[in-house]
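Here the structure is laid out as structure tokens; the discussion comes afterwards.
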Amino acid sequence: MGDRLSVALVTFGCQMNRSRSEHILHLFLQDGFSEAQEEEADVLVFNTCAVREHAVARAVGVITHLYHAALRRRGQPPCVVLCGCMSELLREELLVRLPCVRVLTGTHNIEELPSLVREACATGERKVVFSPPSPHFTERGYRRKGKVSAYLPIAFGCDNFCSYCVVPYTTGPQRSKPHDVILEELDEVVREGFREVILLGQNVNSYGKDLGNPRAFESLLEDIERRFGGEKIWVRFITSHPRDMRREIVEIVRGSRVLCPYFHLPLQAGSDRILALMNRGYTQKEYLRIASFIRERIPEAVIGTDIIVGFPTESEDDFAETLRVVQEVQFEIAYTYVYSPRPRTKAAQLNDDVPQEVKKERLQALNDRLREAYLRRLCVHEGRVTEVLLLEEDGELVARTRENLRVFLEGGGNLRAGSFLEVRLARNPQGKCVGIPVLCQDGGES
Ligand code: SAH
Ligand code: SF4
């Protein structure tokens, strides 16, 4: 290895993890490392996910494959670093499954990664470090991938302990970033010319509870509007827990120029019995009440959701309740999952008794119902003239409205990531939401 070590990051899982990797890259670059392609890097950092069992299996496959590819290309082994939720959960067990790992840590020693890597390289020793969660969330500095959309984490960890979910065990209790730091970071992002900012947290509406202020999220949103309301930037936030989705948050977004009316409100299940077993803290009725409040106050708002099928003991009747909610709310965006038992969680003690074929059938039926409901919902958006922002997502140019509705553009024009374009929304014969650019009409006078 030369004097200046090079590093490459590979990220699994959620947006929170993608943002964390941007922070990790910042730490390495600040420490004098350079960035390289995965197969050429001296140091390969894997920021892992543990939310579902197949995420773990997939990560083990990818890590092994990339390690061997880099070994072949470089003629010597790269320093493999594992961090994130999967390593926090499985710890030393991973050294058996992945003997190539040189540095192993979880989610609480991120700031030390560059020095751990230097020590491992200098001494040839393996480094395994796991500390308890730090009391504060002080993470700062991100080497962001794109130039258009910026993640900005406002809190880390989760106190909700939904019975199926491993996140509270892998990330620790919720710790919020101080209000002023978030505003400073937003300022930087605006000055750097980003067009969209996504505030991130496992449950953004409980932001600040750990700082002793249960209304902290409202204050943050109000300050963002006050300070950035005159800027051409879209600010979104994910994820909102339905239990903590206060009406005031909807009202603040409604009256705002900069905050976008997109609410990611994971339903998880429609049956009250299953919701209680999941420890979600709301009933179907309460969920529907908040969803209809959003629809009523901001008719063009987009509601997104996450749904799990096949939770232990889920019957056909329970599942029918999930379909009922889908029909009623007409989500524009949905992520659907098959239940996967996770170590340490409460639900893992229940018998995973819904057969795999039934889970698959329910997932298919759910996706079909989501699609039908989405098509019905599109009628509300059809005909609207609105702005879309062109974003680059996984190497593809994607247009989204302020409300986060994905739009397929019809007709050409100068399409570059970062530009705004005015379009008329319509529906094409395949049922996709399309945007037809509204060209500036030149009256002919000079
Ligand atoms: N904090 C967010 C997201 C957490 S993980 C929230 O509360 O919504 C993202 C999604 O993964 C969850 O919303 C849930 O739908 C899904 N998920 C989490 N654990 C799961 C499990 N054990 N099996 C299947 N899906 C799961
Ligand atoms: Fe997991 Fe529930 Fe926390 Fe979301 S709110 S991260 S699903 S425990």
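Each chain in the structure tokens gets a letter, A, B and so on, in the order shown; residues start at 1 in every chain, and ligands are counted from 1 in the order they appear.
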> Once you count only C-alpha atoms and all ligand atoms, which residues end up within 10 Å of ligand 1, and could you hand them over as a ChimeraX atom specification?
Replying inline: /A:13-16,49-54,157-158,160-168,200-204,238-242,264-269,280,305-311,334-343,345,347-348
I need the residues from that last selection saved to file as a PDB file, in the first residue's frame (with C-alpha atoms), if you can.
ATOM      1  CA  GLY A  13     -30.137  -0.409   3.305  1.00  0.00           C
ATOM      2  CA  CYS A  14     -32.047   2.752   4.019  1.00  0.00           C
ATOM      3  CA  GLN A  15     -31.551   6.446   3.296  1.00  0.00           C
ATOM      4  CA  MET A  16     -30.220   6.898   6.803  1.00  0.00           C
ATOM      5  CA  CYS A  49     -28.134  -3.181   7.163  1.00  0.00           C
ATOM      6  CA  ALA A  50     -29.922  -5.745   9.321  1.00  0.00           C
ATOM      7  CA  VAL A  51     -33.563  -4.854   8.931  1.00  0.00           C
ATOM      8  CA  ARG A  52     -34.520  -8.080   7.168  1.00  0.00           C
ATOM      9  CA  GLU A  53     -32.775 -11.445   7.101  1.00  0.00           C
ATOM     10  CA  HIS A  54     -32.239 -11.389   3.343  1.00  0.00           C
ATOM     11  CA  GLY A 157     -31.678   5.931  16.922  1.00  0.00           C
ATOM     12  CA  CYS A 158     -35.197   4.936  17.848  1.00  0.00           C
ATOM     13  CA  ASN A 160     -40.282   2.889  19.587  1.00  0.00           C
ATOM     14  CA  PHE A 161     -39.492  -0.808  19.807  1.00  0.00           C
ATOM     15  CA  CYS A 162     -41.999  -1.954  17.223  1.00  0.00           C
ATOM     16  CA  SER A 163     -42.048  -5.643  18.007  1.00  0.00           C
ATOM     17  CA  TYR A 164     -40.690  -6.780  14.604  1.00  0.00           C
ATOM     18  CA  CYS A 165     -37.921  -4.214  14.281  1.00  0.00           C
ATOM     19  CA  VAL A 166     -34.248  -4.504  15.028  1.00  0.00           C
ATOM     20  CA  VAL A 167     -33.423  -0.804  14.575  1.00  0.00           C
ATOM     21  CA  PRO A 168     -33.672   0.237  18.273  1.00  0.00           C
ATOM     22  CA  LEU A 200     -33.895  12.146   8.049  1.00  0.00           C
ATOM     23  CA  GLY A 201     -34.851  10.340  11.211  1.00  0.00           C
ATOM     24  CA  GLN A 202     -36.431   6.987  12.120  1.00  0.00           C
ATOM     25  CA  ASN A 203     -39.315   8.985  13.514  1.00  0.00           C
ATOM     26  CA  VAL A 204     -38.900  12.659  12.667  1.00  0.00           C
ATOM     27  CA  ILE A 238     -39.001  11.199   6.522  1.00  0.00           C
ATOM     28  CA  THR A 239     -40.207   9.101   8.350  1.00  0.00           C
ATOM     29  CA  SER A 240     -43.294  10.242  10.229  1.00  0.00           C
ATOM     30  CA  HIS A 241     -44.631   7.801  12.789  1.00  0.00           C
ATOM     31  CA  PRO A 242     -48.451   7.807  12.583  1.00  0.00           C
ATOM     32  CA  HIS A 264     -44.256   9.113   4.659  1.00  0.00           C
ATOM     33  CA  LEU A 265     -46.563   7.490   7.147  1.00  0.00           C
ATOM     34  CA  PRO A 266     -45.867   3.753   7.526  1.00  0.00           C
ATOM     35  CA  LEU A 267     -49.093   1.837   8.099  1.00  0.00           C
ATOM     36  CA  GLN A 268     -47.409  -1.579   8.614  1.00  0.00           C
ATOM     37  CA  ALA A 269     -50.788  -3.327   9.033  1.00  0.00           C
ATOM     38  CA  ARG A 280     -47.328   0.486  16.856  1.00  0.00           C
ATOM     39  CA  THR A 305     -46.287   4.112   3.373  1.00  0.00           C
ATOM     40  CA  ASP A 306     -44.532   0.889   4.396  1.00  0.00           C
ATOM     41  CA  ILE A 307     -46.540  -2.304   4.872  1.00  0.00           C
ATOM     42  CA  ILE A 308     -45.553  -5.716   6.209  1.00  0.00           C
ATOM     43  CA  VAL A 309     -47.482  -8.866   5.286  1.00  0.00           C
ATOM     44  CA  GLY A 310     -47.404 -12.164   7.121  1.00  0.00           C
ATOM     45  CA  PHE A 311     -46.729 -10.943  10.647  1.00  0.00           C
ATOM     46  CA  ALA A 334     -45.626   2.268  -0.973  1.00  0.00           C
ATOM     47  CA  TYR A 335     -42.865  -0.095   0.096  1.00  0.00           C
ATOM     48  CA  THR A 336     -44.104  -3.570   0.849  1.00  0.00           C
ATOM     49  CA  TYR A 337     -42.334  -6.314   2.777  1.00  0.00           C
ATOM     50  CA  VAL A 338     -42.749  -9.898   3.824  1.00  0.00           C
ATOM     51  CA  TYR A 339     -42.330 -10.278   7.578  1.00  0.00           C
ATOM     52  CA  SER A 340     -38.887 -11.516   8.535  1.00  0.00           C
ATOM     53  CA  PRO A 341     -38.166 -12.544  12.159  1.00  0.00           C
ATOM     54  CA  ARG A 342     -35.202 -10.654  13.577  1.00  0.00           C
ATOM     55  CA  PRO A 343     -32.963 -11.611  16.494  1.00  0.00           C
ATOM     56  CA  THR A 345     -36.992  -8.503  18.780  1.00  0.00           C
ATOM     57  CA  ALA A 347     -41.925 -10.717  17.646  1.00  0.00           C
ATOM     58  CA  ALA A 348     -39.133 -13.246  17.174  1.00  0.00           C
TER      59      ALA A 348
END
> Just asking: which residues within region 124-250 of chain A are strand (DSSP E) according to DSSP, as a list in words?
Replying inline: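 Filtering region 124-250 of chain A down to strand (DSSP E) leaves Lys127, Val128, Val129, Ser149, Ala150, Tyr151, Leu152, Pro153, Ala155, Phe156, Arg175, Ser176, Glu196, Val197, Ile198, Leu199, Leu200, Trp234, Val235, Arg236, Phe237 and Ile238 of chain A.
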>> Counting only C-alpha atoms and all ligand atoms, which residue out of A:Lys346, A:His136, A:Arg402, A:Arg377 sits closest to ligand 2?
In response: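 Under the stated criterion, the closest residue is A:Lys346.
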> Between A:Met278, A:Ile182, A:Thr105, A:Arg4, which one has atoms that come closest to ligand 2, using only C-alpha atoms and all ligand atoms?
Replying inline: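 For ligand 2, the nearest of the candidates is A:Met278.
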>> Please return, as a list in words, all residues of region 40-78 of chain A that DSSP assigns to helix (DSSP H, G or I) on the basis of the backbone.
In response: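 These are the residues in question: Glu53, His54, Ala55, Val56, Ala57, Arg58, Ala59, Val60, Gly61, Val62, Ile63, Thr64, His65, Leu66, Tyr67, His68, Ala69, Ala70, Leu71, Arg72, Arg73 and Arg74 of chain A.
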Export of prior selection with N, CA and C atoms as an mmCIF file, in the first residue's frame:
data_model
loop_
_atom_site.group_PDB
_atom_site.id
_atom_site.type_symbol
_atom_site.label_atom_id
_atom_site.label_comp_id
_atom_site.auth_asym_id
_atom_site.auth_seq_id
_atom_site.Cartn_x
_atom_site.Cartn_y
_atom_site.Cartn_z
ATOM 1 N N GLU A 53 -33.780 -10.380 7.163
ATOM 2 C CA GLU A 53 -32.775 -11.445 7.101
ATOM 3 C C GLU A 53 -32.111 -11.475 5.723
ATOM 4 N N HIS A 54 -32.882 -11.265 4.653
ATOM 5 C CA HIS A 54 -32.239 -11.389 3.343
ATOM 6 C C HIS A 54 -31.235 -10.267 3.092
ATOM 7 N N ALA A 55 -31.378 -9.134 3.821
ATOM 8 C CA ALA A 55 -30.385 -8.055 3.704
ATOM 9 C C ALA A 55 -29.032 -8.563 4.197
ATOM 10 N N VAL A 56 -29.050 -9.381 5.235
ATOM 11 C CA VAL A 56 -27.816 -9.929 5.793
ATOM 12 C C VAL A 56 -27.192 -10.915 4.802
ATOM 13 N N ALA A 57 -28.035 -11.823 4.306
ATOM 14 C CA ALA A 57 -27.526 -12.837 3.377
ATOM 15 C C ALA A 57 -26.921 -12.167 2.135
ATOM 16 N N ARG A 58 -27.612 -11.147 1.650
ATOM 17 C CA ARG A 58 -27.144 -10.457 0.455
ATOM 18 C C ARG A 58 -25.810 -9.755 0.719
ATOM 19 N N ALA A 59 -25.714 -9.124 1.868
ATOM 20 C CA ALA A 59 -24.485 -8.392 2.197
ATOM 21 C C ALA A 59 -23.291 -9.352 2.261
ATOM 22 N N VAL A 60 -23.485 -10.492 2.889
ATOM 23 C CA VAL A 60 -22.380 -11.456 2.999
ATOM 24 C C VAL A 60 -21.903 -11.856 1.595
ATOM 25 N N GLY A 61 -22.848 -12.064 0.675
ATOM 26 C CA GLY A 61 -22.504 -12.422 -0.707
ATOM 27 C C GLY A 61 -21.729 -11.301 -1.396
ATOM 28 N N VAL A 62 -22.225 -10.080 -1.274
ATOM 29 C CA VAL A 62 -21.595 -8.943 -1.963
ATOM 30 C C VAL A 62 -20.192 -8.681 -1.405
ATOM 31 N N ILE A 63 -20.059 -8.749 -0.088
ATOM 32 C CA ILE A 63 -18.758 -8.468 0.541
ATOM 33 C C ILE A 63 -17.716 -9.494 0.070
ATOM 34 N N THR A 64 -18.107 -10.775 0.090
ATOM 35 C CA THR A 64 -17.180 -11.824 -0.336
ATOM 36 C C THR A 64 -16.780 -11.602 -1.791
ATOM 37 N N HIS A 65 -17.759 -11.286 -2.628
ATOM 38 C CA HIS A 65 -17.494 -11.101 -4.059
ATOM 39 C C HIS A 65 -16.544 -9.921 -4.281
ATOM 40 N N LEU A 66 -16.819 -8.793 -3.639
ATOM 41 C CA LEU A 66 -15.987 -7.600 -3.854
ATOM 42 C C LEU A 66 -14.582 -7.785 -3.295
ATOM 43 N N TYR A 67 -14.495 -8.490 -2.192
ATOM 44 C CA TYR A 67 -13.171 -8.756 -1.607
ATOM 45 C C TYR A 67 -12.317 -9.524 -2.612
ATOM 46 N N HIS A 68 -12.900 -10.573 -3.212
ATOM 47 C CA HIS A 68 -12.121 -11.375 -4.154
ATOM 48 C C HIS A 68 -11.815 -10.599 -5.426
ATOM 49 N N ALA A 69 -12.767 -9.774 -5.876
ATOM 50 C CA ALA A 69 -12.532 -8.972 -7.082
ATOM 51 C C ALA A 69 -11.364 -8.009 -6.839
ATOM 52 N N ALA A 70 -11.352 -7.372 -5.644
ATOM 53 C CA ALA A 70 -10.278 -6.419 -5.331
ATOM 54 C C ALA A 70 -8.945 -7.153 -5.182
ATOM 55 N N LEU A 71 -8.997 -8.325 -4.573
ATOM 56 C CA LEU A 71 -7.774 -9.120 -4.384
ATOM 57 C C LEU A 71 -7.160 -9.470 -5.749
ATOM 58 N N ARG A 72 -8.025 -9.883 -6.679
ATOM 59 C CA ARG A 72 -7.543 -10.227 -8.031
ATOM 60 C C ARG A 72 -6.950 -9.003 -8.716
ATOM 61 N N ARG A 73 -7.654 -7.893 -8.667
ATOM 62 C CA ARG A 73 -7.240 -6.682 -9.377
ATOM 63 C C ARG A 73 -5.941 -6.116 -8.795
ATOM 64 N N ARG A 74 -5.817 -6.121 -7.453
ATOM 65 C CA ARG A 74 -4.692 -5.442 -6.805
ATOM 66 C C ARG A 74 -3.516 -6.366 -6.523
#
> With distances taken over only C-alpha atoms and all ligand atoms, which of A:Thr123, A:Asn109, A:Thr170, A:Ser149 is nearest to ligand 2?
Replying inline: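 Residue with the minimum atom-to-atom distance to ligand 2: A:Thr170.
Near Glu192 (chain A), within 12 Å and counting only C-alpha atoms, sit Arg144, Gly146, Lys147, Val148, Ser149, Ala150, Glu185, Leu186, Asp187, Glu188, Val189, Arg195, Glu196, Val197 and Ile233 of chain A, not including residues fewer than 3 positions from it in the same chain.
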Would you output that residue set with N, CA and C atoms, as an mmCIF file, in the first residue's frame?
data_model
loop_
_atom_site.group_PDB
_atom_site.id
_atom_site.type_symbol
_atom_site.label_atom_id
_atom_site.label_comp_id
_atom_site.auth_asym_id
_atom_site.auth_seq_id
_atom_site.Cartn_x
_atom_site.Cartn_y
_atom_site.Cartn_z
ATOM 1 N N ARG A 144 -21.273 14.592 0.035
ATOM 2 C CA ARG A 144 -22.507 14.169 -0.615
ATOM 3 C C ARG A 144 -22.247 13.708 -2.036
ATOM 4 N N GLY A 146 -24.507 13.511 -4.834
ATOM 5 C CA GLY A 146 -24.971 14.347 -5.942
ATOM 6 C C GLY A 146 -24.859 15.815 -5.609
ATOM 7 N N LYS A 147 -25.442 16.620 -6.494
ATOM 8 C CA LYS A 147 -25.403 18.065 -6.279
ATOM 9 C C LYS A 147 -26.821 18.640 -6.178
ATOM 10 N N VAL A 148 -27.808 17.762 -6.301
ATOM 11 C CA VAL A 148 -29.188 18.242 -6.369
ATOM 12 C C VAL A 148 -29.941 17.982 -5.068
ATOM 13 N N SER A 149 -29.839 16.744 -4.581
ATOM 14 C CA SER A 149 -30.615 16.343 -3.416
ATOM 15 C C SER A 149 -29.670 16.009 -2.259
ATOM 16 N N ALA A 150 -29.938 16.572 -1.100
ATOM 17 C CA ALA A 150 -29.037 16.358 0.046
ATOM 18 C C ALA A 150 -29.794 15.727 1.210
ATOM 19 N N GLU A 185 -26.488 23.668 9.072
ATOM 20 C CA GLU A 185 -26.226 22.715 7.990
ATOM 21 C C GLU A 185 -27.118 23.008 6.784
ATOM 22 N N LEU A 186 -28.347 23.384 7.073
ATOM 23 C CA LEU A 186 -29.267 23.730 5.980
ATOM 24 C C LEU A 186 -28.746 24.940 5.215
ATOM 25 N N ASP A 187 -28.244 25.879 5.955
ATOM 26 C CA ASP A 187 -27.662 27.078 5.363
ATOM 27 C C ASP A 187 -26.554 26.697 4.383
ATOM 28 N N GLU A 188 -25.686 25.776 4.839
ATOM 29 C CA GLU A 188 -24.568 25.342 3.986
ATOM 30 C C GLU A 188 -25.094 24.686 2.714
ATOM 31 N N VAL A 189 -26.081 23.837 2.887
ATOM 32 C CA VAL A 189 -26.630 23.093 1.750
ATOM 33 C C VAL A 189 -27.273 24.062 0.739
ATOM 34 N N ARG A 195 -30.987 21.603 -4.431
ATOM 35 C CA ARG A 195 -32.373 21.960 -4.740
ATOM 36 C C ARG A 195 -33.377 21.317 -3.811
ATOM 37 N N GLU A 196 -32.968 20.215 -3.217
ATOM 38 C CA GLU A 196 -33.877 19.464 -2.346
ATOM 39 C C GLU A 196 -33.097 18.995 -1.122
ATOM 40 N N VAL A 197 -33.717 19.088 0.034
ATOM 41 C CA VAL A 197 -33.095 18.571 1.264
ATOM 42 C C VAL A 197 -34.064 17.588 1.896
ATOM 43 N N ILE A 233 -35.701 26.094 -2.709
ATOM 44 C CA ILE A 233 -35.262 24.775 -2.239
ATOM 45 C C ILE A 233 -36.473 24.045 -1.671
#
> Separation of CA of Asn205 (chain A) and CA of Glu22 (chain A), in Å?
Replying inline: 23.6 Å
